[in-house]
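**Student:** Shown below is the structure under consideration.
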Amino acid sequence: MPTDFELVQEFQQKHDQHAFDLLVERHSERAYQLAYSILQNREDAQEVVQDAFLRIYRSLANFRGDAQFTTWMYRIVVNLCNNKFRWNRVRGINRNVSIDAPLPNSDEDDGLRLELPGRDAAPSEQTAYMDLLERTERAMAALPESYRTAIMLRNVQELDYEEIAKILDCAVGTVKSRINRGRELLRQALKLPQES
């Protein structure tokens with residue numbers, strides 16, 4: 001199996017469409033997971049990933065390889081997510097809703113299924129879980145963009161601090177500070193006890 005670097009070289013030297021297709025196949029799911037974790041909207045995340053790979057396709061011939069392909073890809077996805085998040089905030093997210101759009105966490109086929117706590121959970125536990133989930137999503141959306149993105153890259157994508165620093169083009173100490181400050185703001189918004 002060729003490495004990302006080899007696929008990039010194949011595309012750059014021969015404009016090999018198959019090499020690009022392999023990169024998309026290999027990384028589109030993680031790009032989507034990142035976009036969805038930031039935007040919390042299926043359609044917006046899909047749109048961002050499509051835009052990201054279109055930008056990558058147009059720019060891949062000039063990719064110098066100063067960073068890993070995935071670092072470069074994540075940076076593009078994060079920047080597009082931040083732009084989309086700001087645009088949604090100004091426009092008002094969900095102002096226009098399609099009547100046939102699937103519900104969050106649903107399959108395209110059945111469109112009417114939500115993932116809920118297990119059947120063994122009492123109704124009060126299910127209600128508490130859904131309430132916490134909704135409050136957490138609102139609190140994440142209210143975080144400053146730099147904190148939200150750093151937390152998503154660390155806690156959802158499980159990237160190390162050095163990789164996040166490369167993606168966000170800042171120092172490792174800045175990444176740690178943003179994550180710590182973001183977590184503190186989340187604790188305050190959710191009224192959670194201080195970690196010891």
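A note on labels: chains of the structure tokens are A, B, ... as shown, every chain counts residues from 1, and ligands are counted from 1 in their shown order.
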Can you tell me, as a PyMOL selection string, what residues are no more than 9 Å from range 30-41 of chain A when counting only C-alpha atoms, ignoring any on the same chain fewer than 3 positions away?
**Tutor:** chain A and resi 26-27+44-46+48-49+52+73-74+77-78+80-82+84-85+104+137+140-141+148-149+152-153+156-157
**Student:** Kindly export the residues of the current selection with C-alpha atoms, as a short mmCIF file (atom, residue, chain, number, x, y, z; two decimals), in the first residue's frame.
**Tutor:**
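selection-v4.cif, written as the output of this step:
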data_model
loop_
_atom_site.label_atom_id
_atom_site.label_comp_id
_atom_site.auth_asym_id
_atom_site.auth_seq_id
_atom_site.Cartn_x
_atom_site.Cartn_y
_atom_site.Cartn_z
CA ARG A 26 -8.16 6.97 2.81
CA HIS A 27 -8.89 10.27 4.58
CA ASP A 44 -22.55 21.26 6.70
CA ALA A 45 -19.86 18.69 7.49
CA GLN A 46 -20.38 16.95 4.16
CA VAL A 48 -17.00 21.25 4.13
CA VAL A 49 -15.34 17.92 3.31
CA ALA A 52 -11.77 20.69 1.37
CA MET A 73 -5.71 18.37 5.11
CA TYR A 74 -6.81 18.95 8.72
CA VAL A 77 -10.86 21.31 7.03
CA VAL A 78 -10.53 23.33 10.24
CA LEU A 80 -13.37 25.78 6.24
CA CYS A 81 -15.27 24.66 9.36
CA ASN A 82 -14.46 27.91 11.12
CA LYS A 84 -18.86 27.83 7.93
CA PHE A 85 -19.42 28.15 11.68
CA PRO A 104 -28.95 13.81 13.00
CA GLU A 137 -23.54 21.13 22.21
CA MET A 140 -19.33 24.00 22.67
CA ALA A 141 -20.94 26.23 20.04
CA ARG A 148 -13.56 24.84 20.34
CA THR A 149 -11.29 23.74 17.49
CA MET A 152 -12.25 18.94 19.03
CA LEU A 153 -8.86 18.07 17.59
CA VAL A 156 -12.63 13.94 19.22
CA GLN A 157 -9.84 13.36 16.71
#
**Student:** Counting only C-alpha atoms, which residue out of A:Ile151, A:Ile167, A:Leu133, A:Leu7 sits closest to Ala67 in chain A?
**Tutor:**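 Between A:Ile151, A:Ile167, A:Leu133, A:Leu7, the residue approaching Ala67 in chain A most closely is A:Ile167.
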**Student:** Excluding range 15-19 of chain A and residues on its chain fewer than 4 positions from it, collect all residues at most 12 Å away from it, counting only C-alpha atoms, and give them as a PyMOL selection string.
**Tutor:** chain A and resi 1-11+23-26+57-58+60-61
**Student:** I need the residues from that last selection saved to file as a short mmCIF file (atom, residue, chain, number, x, y, z; two decimals), in the first residue's frame (with N, CA and C atoms), if you can.
**Tutor:**
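The file below, again-v1.cif, is the result:
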data_model
loop_
_atom_site.label_atom_id
_atom_site.label_comp_id
_atom_site.auth_asym_id
_atom_site.auth_seq_id
_atom_site.Cartn_x
_atom_site.Cartn_y
_atom_site.Cartn_z
N MET A 1 0.85 -1.17 0.00
CA MET A 1 0.00 0.00 0.00
C MET A 1 0.90 1.24 0.00
N PRO A 2 0.70 2.14 -0.97
CA PRO A 2 1.55 3.33 -1.03
C PRO A 2 1.25 4.30 0.12
N THR A 3 2.28 5.01 0.53
CA THR A 3 2.12 6.02 1.59
C THR A 3 1.45 7.26 1.00
N ASP A 4 1.00 8.14 1.88
CA ASP A 4 0.42 9.41 1.43
C ASP A 4 1.44 10.18 0.59
N PHE A 5 2.69 10.19 1.07
CA PHE A 5 3.74 10.91 0.36
C PHE A 5 3.90 10.37 -1.06
N GLU A 6 3.89 9.05 -1.20
CA GLU A 6 4.03 8.44 -2.52
C GLU A 6 2.84 8.77 -3.42
N LEU A 7 1.65 8.78 -2.85
CA LEU A 7 0.46 9.13 -3.64
C LEU A 7 0.52 10.58 -4.09
N VAL A 8 0.95 11.47 -3.21
CA VAL A 8 1.08 12.88 -3.57
C VAL A 8 2.09 13.02 -4.71
N GLN A 9 3.22 12.35 -4.59
CA GLN A 9 4.23 12.42 -5.66
C GLN A 9 3.69 11.89 -6.98
N GLU A 10 2.95 10.80 -6.91
CA GLU A 10 2.36 10.21 -8.12
C GLU A 10 1.40 11.21 -8.78
N PHE A 11 0.63 11.88 -7.96
CA PHE A 11 -0.30 12.87 -8.51
C PHE A 11 0.47 14.06 -9.10
N LEU A 23 -6.19 8.93 -1.93
CA LEU A 23 -6.07 9.86 -0.80
C LEU A 23 -7.44 10.22 -0.25
N VAL A 24 -8.39 10.47 -1.13
CA VAL A 24 -9.75 10.80 -0.69
C VAL A 24 -10.36 9.63 0.05
N GLU A 25 -10.23 8.44 -0.53
CA GLU A 25 -10.79 7.24 0.09
C GLU A 25 -10.18 7.00 1.47
N ARG A 26 -8.89 7.23 1.58
CA ARG A 26 -8.16 6.97 2.81
C ARG A 26 -8.51 7.97 3.92
N TYR A 57 -7.39 19.16 -4.21
CA TYR A 57 -7.16 18.77 -5.60
C TYR A 57 -6.52 19.91 -6.40
N ARG A 58 -7.05 21.11 -6.20
CA ARG A 58 -6.54 22.27 -6.94
C ARG A 58 -5.14 22.68 -6.50
N LEU A 60 -2.83 20.51 -4.81
CA LEU A 60 -1.92 19.39 -4.55
C LEU A 60 -0.64 19.46 -5.38
N ALA A 61 -0.73 20.01 -6.57
CA ALA A 61 0.47 20.13 -7.42
C ALA A 61 1.52 21.01 -6.76
#
